[in-house]
Amino acid sequence: MDKKLNNRLSKIANSAIKDLLNGGGKGVEKESLRVDVGGKIAQSPHPQALGSTLTHPAITTDYSEALLELITPPLEDGLETLTYLQRIHQFVYANLKHNELLWVASMPCIIGGEKSIPLAWYGESNVGMMKHIYRRGLDVRYGRIMQAISGIHFNYSVPETFWPFYQEIEEDKQPLQEFINERYLGLARNVLRYEWLVTYLFGSSPAFCKSFMDGQESPFQHYDKSTYYEPYATSLRMSDIGYKNNQQASLAVSYNHLDEYVQDLDRAIRTPYEPYEKIGVEVDGFYRQLNANILQIANEYYSSIRPKQPIHSGESPTSALHKRGIRYVELRAIDVSTFDPTGINAEQLLFLEAFMLFCLLSDSPPIDAEEWKQIQHNQGQSAIRGRDPNLTLQRNGHTPHLKEWASEILDEMTPLCTLLDNGTDQFSNSLTLQRQAIQDGDATPSARTLAEMRSHSESFFEFGLRKSQEHRQTLIQSQLEPEVEAMFATLTTESLQKQAQIEASDELSFAEYLEKYFGQ
């Protein structure tokens with residue numbers, strides 16, 4: 001057991017600050033492909049009734065014009081976050097045309113090649129063009145198909161009122177923001193150490209459509225004539241076919257200190273990369289990418305967790321972190337749940353909140369090169385073989401079975417969940433559900449996905465299309481409250497007006513805008 005965790009929990013439980021733990025901000029970003037009635041990626045533009053993808057706070061697009069991103073604000077109650085997410089879905093469905101569906105799985109539907117995935121468009125302002133050209137760069141660097149994968153991002157912030165008390169019980173004398181930065185990075189390091197657990201519990205992509213490989217050979221097994229799978233897989237999205245790429249494999253971005261994290265990302269953004277130089281940046285007046293460096297911008301670096309600070313207009317993420325420190329963290333390692341209309345459920349949100357606090361309060365030494373290898377090994381094995389009852393992981397020279405290590409983590413989380421219950425049993429009940437999934441791999445979403453595919457004699461695509469239709473029916477049957485509908489309609493109108501204002505106010509040429517942006 002982690003002695004530091006137990007000591008901190010004891011101090012918190014016997015102090016006035018124990019009631020502050022529940023007040024952190026919980027937000028969700030959920031990605032979903034728009035597909036037509038036949039399950040193919042929608043080629044239609046983003047519906048104007050959903051507002052401006054550049055400025056709408058709740059409804060935008062990710063890589064593709066067809067890849068919706070639905071965003072909740074950070075709310076103190078995770079169940080209110082879930083309700084808000086459901087309302088966004090209801091508003092979206094009320095404004096989709098031609099019976100379009102939201103694809104319910106992380107791995108995409110049938111893909112008709114690279115060009116069947118339209119790039120997202122954000123208007124002709126400098127900031128809008130920068131977002132679009134960044135996506136052109138992702139296309140020429142990695143291809144479009146990889147970018148059609150969807151996920152859930154969980155944004156979490158520790159309650160602001162908790163930090164001074166936490167610093168006091170830690171007897172820490174440095175400036176508060178430096179203490180906050182240090183502890184958020186400690187949280188992030190522990191998330192990286194235990195990411196394999198999140199993948200095991202919430203992975204929901206054990207199979208995918210063969211069209212995703214675009215004619216290339218796959219290392220995975222044939223499920224049927226149109227589906228690849230692995231029998232013990234939890235999240236093939238998080239395996240090497242997903243958001244991984246050789247160009248970034250050698251990038252060493254430190255999570256040991258905020259200055260190191262910012263410097264490592266900035267170095268990658270400013271370091272030329274010969275294969276990208278051969279592609280070219282502006283060729284015959286057409287921008288192929290934002291620059292020819294290892295990373296175009298910080299967001300290109302894929303990591304399962306990111307320290308974040310809200311950015312000002314025209315500000316880069318690394319500049320915001322350097323100036324104002326860490327405000328929250330973004331956990332990006334969660335599959336879209338095919339069994340829930342909104343892609344995530346209440347038990348997941350409760351567990352994730354407790355998990356983030358567990359990672360904050362547990363001991364978190366710096367990560368060295370050897371531990372990075374262990375982290376990558378454990379995550380990869382959990383993604384491809386997580387439900388294999390004989391699977392062992394790497395842990396400081398030991399090879400514990402996944403289930404044994406997972407049970408140990410949940411045991412350590414038990415007193416924390418009891419503290420968070422605060423007169424209820426909701427966190428403890430969520431922990432019990434996850435414990436059942438550890439004891440019985442068939443209870444995991446990945447196993448349930450394969451079981452349902454078998455029981456219906458379905459391919460992955462047929463399973464995804466059926467579940468998409470079921471969830472659409474569930475969401476459109478429940479009426480959106482008039483005042484909520486009016487609120488979203490107002491956000492739509494305001495977002496379109498704001499985009500028009502941005503486009504009208506541009507004074508710099510696009511080249512000047514880029515120079516100013518990268519000059520930060």
# chains A, B, ... in the order shown; residues from 1 in each chain; ligands from 1

$ residues_around --residues "A:Leu33" --least-positions-apart "5" --cutoff "6 Å" --atoms "only C-alpha atoms" --output "PyMOL selection string"
chain A and resi 66-68+102-103

$ write_last_selection --atoms "N, CA, C and O atoms" --output "mmCIF file, in the first residue's frame"
data_model
loop_
_atom_site.group_PDB
_atom_site.id
_atom_site.type_symbol
_atom_site.label_atom_id
_atom_site.label_comp_id
_atom_site.auth_asym_id
_atom_site.auth_seq_id
_atom_site.Cartn_x
_atom_site.Cartn_y
_atom_site.Cartn_z
ATOM 1 N N ALA A 66 -17.074 15.737 -40.884
ATOM 2 C CA ALA A 66 -18.087 14.794 -40.420
ATOM 3 C C ALA A 66 -17.833 14.290 -39.003
ATOM 4 O O ALA A 66 -18.630 13.506 -38.484
ATOM 5 N N LEU A 67 -16.735 14.707 -38.390
ATOM 6 C CA LEU A 67 -16.398 14.212 -37.049
ATOM 7 C C LEU A 67 -16.798 15.253 -36.007
ATOM 8 O O LEU A 67 -16.045 16.163 -35.665
ATOM 9 N N LEU A 68 -18.015 15.120 -35.505
ATOM 10 C CA LEU A 68 -18.522 16.046 -34.500
ATOM 11 C C LEU A 68 -17.761 15.896 -33.187
ATOM 12 O O LEU A 68 -17.366 14.792 -32.804
ATOM 13 N N LEU A 102 -25.251 9.437 -35.598
ATOM 14 C CA LEU A 102 -23.966 9.588 -34.921
ATOM 15 C C LEU A 102 -23.407 8.189 -34.690
ATOM 16 O O LEU A 102 -24.016 7.375 -33.992
ATOM 17 N N TRP A 103 -22.267 7.908 -35.320
ATOM 18 C CA TRP A 103 -21.648 6.584 -35.193
ATOM 19 C C TRP A 103 -21.224 6.364 -33.747
ATOM 20 O O TRP A 103 -20.603 7.219 -33.136
#

$ residues_around --residues "A:Ser362" --least-positions-apart "6" --cutoff "8 Å" --atoms "only C-alpha atoms" --output "number ranges by chain"
A: 2, 4-5, 190

$ select_by_dssp --residues "stretch 129-186 of chain A" --states "alpha helix (DSSP H)" --output "number ranges by chain"
A: 129-142, 162-169, 176-186

$ closest_residue --among "A:Gly51, A:Thr338, A:Val35, A:Lys3" --to "A:Thr492" --atoms "only C-alpha atoms"
A:Gly51

$ residues_around --residues "stretch 438-444 of chain A" --least-positions-apart "4" --cutoff "8 Å" --atoms "only C-alpha atoms" --output "MDAnalysis selection string"
chainID A and resid 200:203 387 403 406:407 434 448

$ residues_around --residues "A:Glu274" --least-positions-apart "2" --cutoff "9 Å" --atoms "only C-alpha atoms" --output "NGL selection string"
:A and (272 or 276-279 or 292-294)

$ closest_residue --among "A:Arg136, A:Lys467, A:Arg87, A:His312" --to "A:Val484" --atoms "only C-alpha atoms"
A:Arg87

$ atom_distance --atom1 "atom CA of A:Leu85" --atom2 "atom CA of A:Ile71"
7.3 Å

$ atom_distance --atom1 "atom CA of A:Val281" --atom2 "atom CA of A:Glu124"
18.6 Å
